[in-house]
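A.B. asks: Quick one, query07.cif (mmCIF, C-alpha atoms):
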```cif
data_input
#
loop_
_atom_site.label_atom_id
_atom_site.label_comp_id
_atom_site.auth_asym_id
_atom_site.auth_seq_id
_atom_site.Cartn_x
_atom_site.Cartn_y
_atom_site.Cartn_z
CA MET K 1 0.00 0.00 0.00
CA GLU K 2 2.38 2.65 -1.32
CA HIS K 3 1.09 6.10 -2.27
CA GLU K 4 2.73 9.17 -3.76
CA VAL K 5 1.66 12.17 -1.70
CA THR K 6 2.08 15.94 -1.71
CA LEU K 7 2.45 18.20 1.30
CA TYR K 8 3.64 21.74 1.93
CA SER K 9 6.34 23.22 4.13
CA GLY K 10 7.51 26.82 4.21
CA GLY K 11 5.26 27.55 1.24
CA MET K 12 6.96 24.88 -0.89
CA ARG K 13 5.45 21.70 -2.27
CA LEU K 14 7.15 18.55 -0.98
CA SER K 15 6.94 15.13 -2.57
CA GLY K 16 6.54 12.06 -0.39
CA ILE K 17 5.91 8.32 -0.36
CA LEU K 18 3.36 7.12 2.19
CA ARG K 19 3.39 3.41 2.96
CA LEU K 20 0.52 1.87 4.88
CA PRO K 21 0.79 -1.57 6.47
CA GLU K 22 -1.59 -4.36 5.63
CA GLY K 23 -4.83 -4.06 7.58
CA ALA K 24 -4.60 -0.34 8.32
CA SER K 25 -7.91 1.49 8.07
CA ALA K 26 -9.79 4.43 9.55
CA GLY K 27 -11.26 1.92 11.98
CA LYS K 28 -7.89 0.39 12.80
CA LYS K 29 -5.44 3.25 13.11
CA VAL K 30 -1.72 2.48 13.25
CA PRO K 31 1.37 4.29 14.57
CA ALA K 32 3.41 6.16 11.98
CA VAL K 33 7.09 7.01 11.48
CA VAL K 34 8.73 9.70 9.36
CA CYS K 35 11.96 8.32 7.85
CA CYS K 36 14.63 11.03 7.63
CA GLN K 37 17.37 10.52 5.04
CA GLY K 38 20.87 11.89 5.26
CA PHE K 39 23.34 14.09 3.41
CA SER K 40 22.00 14.90 -0.10
CA LEU K 41 19.83 11.75 -0.27
CA VAL K 42 16.37 11.73 -1.79
CA LYS K 43 13.40 9.70 -0.61
CA GLU K 44 14.06 6.74 -2.93
CA VAL K 45 17.62 6.16 -1.72
CA TRP K 46 18.60 3.65 0.99
CA LEU K 47 15.87 4.37 3.60
CA PRO K 48 12.95 2.67 1.79
CA LYS K 49 14.27 -0.69 3.04
CA SER K 50 13.96 0.60 6.60
CA ALA K 51 10.45 1.87 5.86
CA GLU K 52 9.43 -1.49 4.44
CA ALA K 53 10.75 -3.28 7.54
CA LEU K 54 8.61 -0.97 9.67
CA ASN K 55 5.57 -1.55 7.43
CA ARG K 56 5.84 -5.31 7.89
CA GLU K 57 5.54 -4.78 11.64
CA GLY K 58 2.41 -2.63 11.38
CA TYR K 59 3.74 0.94 11.08
CA ALA K 60 2.79 3.52 8.50
CA THR K 61 5.83 5.33 7.14
CA LEU K 62 6.45 8.55 5.26
CA ASN K 63 9.61 9.31 3.25
CA VAL K 64 9.80 12.90 2.02
CA ASP K 65 12.12 14.82 -0.27
CA TYR K 66 13.32 17.87 1.66
CA ARG K 67 12.88 21.23 -0.03
CA PHE K 68 15.51 21.86 -2.74
CA PHE K 69 15.96 18.10 -3.30
CA GLY K 70 14.45 15.35 -5.43
CA ALA K 71 10.88 15.97 -6.61
CA SER K 72 10.22 18.73 -4.06
CA GLU K 73 10.18 22.43 -4.87
CA GLY K 74 12.86 24.96 -4.01
CA GLU K 75 15.63 26.92 -5.72
CA PRO K 76 18.55 26.74 -5.91
CA ARG K 77 18.62 22.99 -6.21
CA CYS K 78 20.52 20.94 -3.65
CA ARG K 79 20.66 23.73 -1.08
CA LEU K 80 21.13 21.88 2.22
CA VAL K 81 19.77 23.85 5.19
CA PRO K 82 19.25 21.51 8.18
CA SER K 83 17.00 23.91 10.08
CA MET K 84 14.65 23.98 7.07
CA GLN K 85 14.79 20.19 6.86
CA VAL K 86 13.68 20.09 10.51
CA GLU K 87 10.66 22.17 9.52
CA ASP K 88 9.98 19.81 6.60
CA VAL K 89 9.98 16.86 9.00
CA ARG K 90 7.55 18.68 11.28
CA ALA K 91 5.33 19.32 8.26
CA ALA K 92 5.49 15.60 7.53
CA LEU K 93 4.23 14.92 11.06
CA THR K 94 1.36 17.33 10.45
CA PHE K 95 0.55 15.57 7.19
CA LEU K 96 0.42 12.23 9.01
CA GLU K 97 -2.19 13.69 11.35
CA THR K 98 -4.48 14.05 8.31
CA VAL K 99 -4.14 10.41 7.18
CA PRO K 100 -7.29 8.51 8.27
CA GLU K 101 -5.37 5.27 8.91
CA VAL K 102 -2.80 6.92 11.23
CA ASP K 103 -3.11 7.35 14.98
CA PRO K 104 -1.97 10.99 15.48
CA MET K 105 -1.07 10.24 19.09
CA ARG K 106 1.57 7.68 18.07
CA LEU K 107 4.09 9.44 15.84
CA GLY K 108 7.79 8.64 15.66
CA LEU K 109 10.95 9.62 13.80
CA PHE K 110 13.70 7.43 12.34
CA GLY K 111 16.85 8.98 10.90
CA ILE K 112 20.28 7.87 9.73
CA SER K 113 23.45 9.98 9.36
CA LEU K 114 22.49 13.65 8.85
CA GLY K 115 18.91 12.38 8.89
CA ALA K 116 19.48 11.38 12.52
CA SER K 117 20.55 14.95 13.28
CA VAL K 118 17.49 16.37 11.52
CA ALA K 119 15.22 13.91 13.32
CA ALA K 120 16.77 14.82 16.68
CA GLY K 121 16.29 18.52 15.93
CA ALA K 122 12.63 17.90 15.11
CA ALA K 123 12.10 15.77 18.23
CA GLY K 124 13.58 18.54 20.35
CA LYS K 125 11.14 21.09 18.96
CA ASP K 126 7.96 19.08 18.42
CA PRO K 127 6.05 17.60 21.37
CA ARG K 128 4.07 15.30 19.05
CA VAL K 129 7.09 12.99 18.65
CA ARG K 130 6.64 10.06 21.02
CA ALA K 131 9.71 8.09 19.98
CA LEU K 132 12.96 8.91 18.20
CA VAL K 133 15.51 6.52 16.70
CA ALA K 134 18.68 8.40 15.70
CA VAL K 135 21.44 6.41 13.98
CA ALA K 136 25.05 7.44 13.27
CA GLY K 137 24.47 11.18 13.16
CA PRO K 138 26.27 14.26 14.52
CA GLY K 139 24.92 16.07 17.55
CA ASP K 140 26.85 19.23 16.72
CA LEU K 141 28.01 19.63 13.12
CA GLY K 142 30.25 22.57 13.91
CA ARG K 143 32.13 20.38 16.37
CA VAL K 144 32.49 17.62 13.77
CA TRP K 145 33.65 19.83 10.92
CA SER K 146 36.09 21.80 13.07
CA GLN K 147 38.12 18.63 13.63
CA PHE K 148 39.09 18.38 9.96
CA PRO K 149 42.57 19.61 8.91
CA ASP K 150 42.78 23.24 7.74
CA PHE K 151 39.20 23.89 8.84
CA PRO K 152 39.73 27.64 9.45
CA LYS K 153 40.85 28.10 5.83
CA PHE K 154 37.94 26.00 4.56
CA TYR K 155 35.51 27.95 6.75
CA GLU K 156 36.67 31.23 5.19
CA LYS K 157 36.03 29.82 1.71
CA VAL K 158 32.49 28.90 2.74
CA ARG K 159 31.93 32.37 4.20
CA GLU K 160 33.06 33.91 0.92
CA ALA K 161 30.69 31.63 -0.99
CA ARG K 162 27.85 32.77 1.27
CA ARG K 163 28.73 36.42 0.63
CA HIS K 164 28.78 35.77 -3.11
CA TYR K 165 25.42 33.97 -3.01
CA THR K 166 23.86 36.72 -0.89
CA ALA K 167 25.12 39.51 -3.14
CA THR K 168 24.47 37.89 -6.53
CA GLY K 169 22.14 34.91 -6.10
CA GLU K 170 24.68 32.77 -7.95
CA VAL K 171 25.54 29.39 -6.48
CA ARG K 172 28.61 27.22 -6.56
CA TYR K 173 28.43 23.49 -5.98
CA VAL K 174 30.66 21.00 -4.19
CA ALA K 175 30.66 17.23 -4.72
CA VAL K 176 29.33 15.19 -1.81
CA PRO K 177 32.03 12.47 -2.07
CA LYS K 178 34.67 15.19 -1.68
CA LEU K 179 33.05 16.35 1.56
CA LEU K 180 32.73 12.80 2.93
CA SER K 181 36.16 11.58 1.85
CA SER K 182 37.05 10.43 5.39
CA ASP K 183 34.85 7.39 4.67
CA PRO K 184 35.90 5.89 1.30
CA ASP K 185 33.51 2.95 1.62
CA THR K 186 30.43 5.16 1.99
CA CYS K 187 31.65 7.40 -0.84
CA ALA K 188 32.11 4.39 -3.11
CA LEU K 189 28.54 3.27 -2.40
CA LEU K 190 27.23 6.78 -3.12
CA VAL K 191 29.00 6.92 -6.46
CA ALA K 192 27.91 3.40 -7.42
CA ASP K 193 24.23 3.96 -6.55
CA ALA K 194 23.71 7.52 -7.82
CA PRO K 195 23.12 6.53 -11.49
CA ASN K 196 20.14 4.42 -10.40
CA TYR K 197 18.24 7.49 -9.13
CA PRO K 198 17.72 10.24 -11.74
CA ARG K 199 16.55 12.83 -9.20
CA TRP K 200 19.56 12.36 -6.93
CA ARG K 201 22.50 14.69 -7.42
CA LEU K 202 25.76 14.07 -5.55
CA GLU K 203 26.35 17.74 -4.81
CA ILE K 204 25.18 20.53 -2.56
CA THR K 205 25.51 24.30 -2.78
CA PHE K 206 28.85 25.28 -1.31
CA GLU K 207 27.43 28.21 0.66
CA SER K 208 24.93 25.95 2.46
CA LEU K 209 27.83 24.42 4.38
CA MET K 210 27.55 27.51 6.60
CA ASP K 211 24.15 26.25 7.72
CA LEU K 212 25.65 22.85 8.47
CA PHE K 213 28.41 24.38 10.59
CA GLU K 214 25.76 26.14 12.70
CA PHE K 215 23.49 23.13 13.23
CA ALA K 216 23.63 21.59 16.72
CA PRO K 217 20.45 19.53 17.19
CA GLU K 218 21.64 18.05 20.48
CA ASP K 219 21.04 21.48 22.06
CA ASP K 220 17.29 20.95 21.55
CA LEU K 221 17.21 17.42 22.95
CA PRO K 222 16.83 18.48 26.61
CA LYS K 223 13.37 19.74 25.62
CA THR K 224 12.16 16.59 23.91
CA ARG K 225 9.30 14.56 25.31
CA ALA K 226 10.18 11.60 23.11
CA ALA K 227 11.69 8.34 24.21
CA CYS K 228 15.06 8.26 22.46
CA LEU K 229 17.18 5.45 21.02
CA PHE K 230 20.67 6.39 19.81
CA VAL K 231 22.62 3.86 17.73
CA HIS K 232 26.19 4.09 16.47
CA PRO K 233 28.13 1.62 14.30
CA GLY K 234 31.24 0.50 16.13
CA ASP K 235 33.57 0.93 13.12
CA ASP K 236 32.10 4.18 11.78
CA THR K 237 34.84 6.35 10.25
CA LEU K 238 32.43 9.06 9.09
CA ILE K 239 30.67 9.94 12.36
CA ALA K 240 32.50 9.29 15.62
CA GLY K 241 30.63 7.29 18.23
CA GLY K 242 31.08 10.17 20.63
CA GLU K 243 28.46 12.12 18.69
CA MET K 244 25.74 9.64 19.58
CA ALA K 245 27.01 9.52 23.16
CA SER K 246 26.77 13.31 23.33
CA MET K 247 23.18 13.24 22.06
CA TYR K 248 22.36 10.55 24.59
CA ALA K 249 23.80 12.67 27.40
CA LYS K 250 21.71 15.68 26.39
CA ALA K 251 18.39 13.83 26.11
CA ARG K 252 16.05 13.64 29.08
CA GLY K 253 13.57 10.97 30.07
CA THR K 254 13.56 7.47 28.62
CA LYS K 255 16.67 6.88 26.51
CA LYS K 256 18.96 4.13 25.31
CA LEU K 257 22.41 4.08 23.68
CA VAL K 258 23.39 1.09 21.52
CA LYS K 259 26.66 0.22 19.80
CA LEU K 260 26.75 -2.13 16.81
CA PRO K 261 30.20 -3.79 17.06
CA GLY K 262 32.17 -4.30 13.86
CA VAL K 263 29.72 -2.33 11.69
CA LYS K 264 30.73 0.50 9.35
CA HIS K 265 28.65 3.54 8.45
CA HIS K 266 27.47 2.29 5.06
CA GLU K 267 26.61 -1.15 6.49
CA ILE K 268 23.55 0.08 8.41
CA TYR K 269 21.54 0.40 5.19
CA GLY K 270 19.55 -2.24 3.27
CA GLU K 271 22.09 -4.84 2.21
CA GLY K 272 24.70 -4.13 4.89
CA LYS K 273 25.48 -6.50 7.74
CA GLY K 274 24.36 -3.89 10.27
CA PHE K 275 20.88 -3.50 8.80
CA GLY K 276 19.35 -6.51 10.57
CA PRO K 277 20.69 -5.66 14.04
CA LEU K 278 19.73 -2.00 13.59
CA MET K 279 16.16 -2.77 12.60
CA ALA K 280 15.83 -5.31 15.43
CA GLU K 281 16.79 -2.59 17.93
CA THR K 282 14.51 -0.10 16.19
CA LEU K 283 11.47 -2.35 16.10
CA ALA K 284 11.87 -3.37 19.74
CA PHE K 285 12.15 0.28 20.78
CA PHE K 286 9.16 1.45 18.77
CA ALA K 287 7.13 -1.52 20.05
CA SER K 288 7.74 -0.28 23.59
CA HIS K 289 7.16 3.43 22.95
CA LEU K 290 4.75 3.77 20.02
#
```
When written as structure tokens, how does the structure in this file appear?

C.D. replies:
Amino acid sequence: MEHEVTLYSGGMRLSGILRLPEGASAGKKVPAVVCCQGFSLVKEVWLPKSAEALNREGYATLNVDYRFFGASEGEPRCRLVPSMQVEDVRAALTFLETVPEVDPMRLGLFGISLGASVAAGAAGKDPRVRALVAVAGPGDLGRVWSQFPDFPKFYEKVREARRHYTATGEVRYVAVPKLLSSDPDTCALLVADAPNYPRWRLEITFESLMDLFEFAPEDDLPKTRAACLFVHPGDDTLIAGGEMASMYAKARGTKKLVKLPGVKHHEIYGEGKGFGPLMAETLAFFASHL
């Protein structure tokens, strides 16, 4: 039961895929989860397998292209502004409240990589989120980026790109694999899979890195009412495990921190060896809290 849907956020039309589990109806409402994809990804890439696993266990799911990406509106294309993506996720929650088969009192978020950061930011701002599963994402992107060599010089280049964009409206792009080069395995998977998805571009606007540097979703977690599960792959070379630990420390209320030993960042998706253990933890957590 897969449906293409349209919703609106910040005055822009967003494109989504709503999946309803077998047996869902207005008379038998089910819990629902917004699946939040990561850095530059569109709704068809990598997270549908997670959505389908949730569907099989009785959850409705919604995958949405953030503004500026995929089939959603927004110019310039591929402008990555995490705070706006948080608002898009909150709009997705509002959309789910209108779906007759969904129980609006049982809404959750599931996010991987930057999608985990976006999901955490939304959970910190939106009291409707009852359960959050955040996987392998940064709690403070400025902290993460500042650890890279020659960051001050790179930061000045991004500031100049922002000035240029603000003064002229012209954008410059940077390749995603170049930005994520600390994890060659994930980059190789990105490059191999990109041709299979015509709406997916492996680039973002260079000036939008300024918005990434300023995004610290863990600062909102003390306000969340959601039960929180934080998961980090034990051999992740893209996002240090300390980022998930920092999110865990900031969250209040019911929370759990899980390490997946011997698993790399790219192995938590569909065909990777970490996918099964991750979804087992996710399903058990949502069963308890949604």

A.B. asks: Go through K:Leu18, K:Ala226, K:Met12, K:Ala245 and flag the residue nearest Phe286 of chain K, using all atoms listed in the file for the distances.

C.D. replies: K:Ala226

A.B. asks: Just how far from atom CA of Gly111 of chain K is atom CA of Leu47 of chain K, in Å to one decimal?

C.D. replies: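 Atom CA of Leu47 of chain K sits 8.7 Å away from atom CA of Gly111 of chain K.
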
A.B. asks: Find the residue from K:Glu52, K:Glu57, K:Asp88, K:Asp236 that sits nearest to Gly10 of chain K; use only C-alpha atoms when measuring.

C.D. replies: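 Using only C-alpha atoms, Gly10 of chain K sits closest to K:Asp88.
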
A.B. asks: Write out as JSON lines a residue-level contact list of segment 110-150 of chain K versus segment 255-271 of chain K with cut-off 9 Å: for each qualifying residue the closest pair of atoms and the distance in Å to one decimal, counting all atoms listed in the file, rows sorted by chain and residue number upward.

C.D. replies:
```
{"residue": "K:Ile112", "atom": "CA", "partner": "K:Ile268", "partner_atom": "CA", "distance": 8.6}
{"residue": "K:Ser113", "atom": "CA", "partner": "K:His265", "partner_atom": "CA", "distance": 8.3}
{"residue": "K:Val135", "atom": "CA", "partner": "K:Ile268", "partner_atom": "CA", "distance": 8.7}
{"residue": "K:Ala136", "atom": "CA", "partner": "K:His265", "partner_atom": "CA", "distance": 7.2}
```

A.B. asks: Counting all atoms listed in the file, which residues have an atom no more than 7 Å from (31.9, 12.2, 6.7) in the file's coordinates? Please list them as a ChimeraX atom specification.

C.D. replies: /K:179-183,238-239

A.B. asks: Segment 60-64 of chain K: which residues within 7 Å, counting all atoms listed in the file, same-chain residues fewer than 3 positions away excluded, as a list in words?

C.D. replies: Leu14, Ser15, Gly16, Ile17, Leu18, Arg19, Leu20, Pro21, Val30, Pro31, Ala32, Val33, Val34, Cys35, Cys36, Lys43, Ala51 and Asn55 of chain K

A.B. asks: For Phe95 of chain K, find every residue with an atom within 10 Å (counting only C-alpha atoms), except residues of its own chain fewer than 2 positions away, and show them as a ChimeraX atom specification.

C.D. replies: /K:5-8,62,89-93,97-99,104

A.B. asks: For the selection you just gave me, I'd like the residues written to a file as a CSV table (one decimal), in the frame of the given file, keeping C-alpha atoms.

C.D. replies:
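This is the output file part-v3.csv:
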```csv
chain,number,residue,atom,x,y,z
K,5,VAL,CA,1.7,12.2,-1.7
K,6,THR,CA,2.1,15.9,-1.7
K,7,LEU,CA,2.4,18.2,1.3
K,8,TYR,CA,3.6,21.7,1.9
K,62,LEU,CA,6.4,8.6,5.3
K,89,VAL,CA,10.0,16.9,9.0
K,90,ARG,CA,7.6,18.7,11.3
K,91,ALA,CA,5.3,19.3,8.3
K,92,ALA,CA,5.5,15.6,7.5
K,93,LEU,CA,4.2,14.9,11.1
K,97,GLU,CA,-2.2,13.7,11.4
K,98,THR,CA,-4.5,14.0,8.3
K,99,VAL,CA,-4.1,10.4,7.2
K,104,PRO,CA,-2.0,11.0,15.5
```

A.B. asks: Considering all atoms listed in the file, can you say which of K:Glu87, K:Glu281, K:Asp185, K:Asp126 comes closest to Ser9 of chain K?

C.D. replies: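 Distance minimum relative to Ser9 of chain K lands on K:Glu87.
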
A.B. asks: Between atom CA of Pro195 of chain K and atom CA of Phe110 of chain K, what is the spacing in Å?

C.D. replies: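 So the answer is 25.6 Å.
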
A.B. asks: Can you translate the PyMOL selection byres ((chain K and resi 220) around 12) into the concrete residues it hits in this file, as a ChimeraX atom specification?

C.D. replies: /K:83,86,117-127,139-140,215-219,221-226,247-248,250-252

A.B. asks: Would you kindly translate the PyMOL selection byres ((chain K and resi 165-178) around 12) into the concrete residues it picks from this file, as a VMD selection string?

C.D. replies: chain K and resid 38 to 41 75 to 80 157 to 164 179 to 192 194 200 to 210 238

A.B. asks: Using atom CA of Leu141 of chain K and atom CA of Phe213 of chain K as the two end points, give the distance in Å to one decimal.

C.D. replies: 5.4 Å

A.B. asks: Of the residues K:Asp193, K:Glu2, K:Asp103, K:Asp211, which is the one nearest to Gln85 of chain K, using only C-alpha atoms?

C.D. replies: K:Asp211

A.B. asks: Name the residues that the PyMOL selection byres ((chain K and resi 29) around 6) pulls out of this structure, and write them as a list in words.

C.D. replies: Ser25, Ala26, Lys28, Val30, Glu101, Val102 and Asp103 of chain K
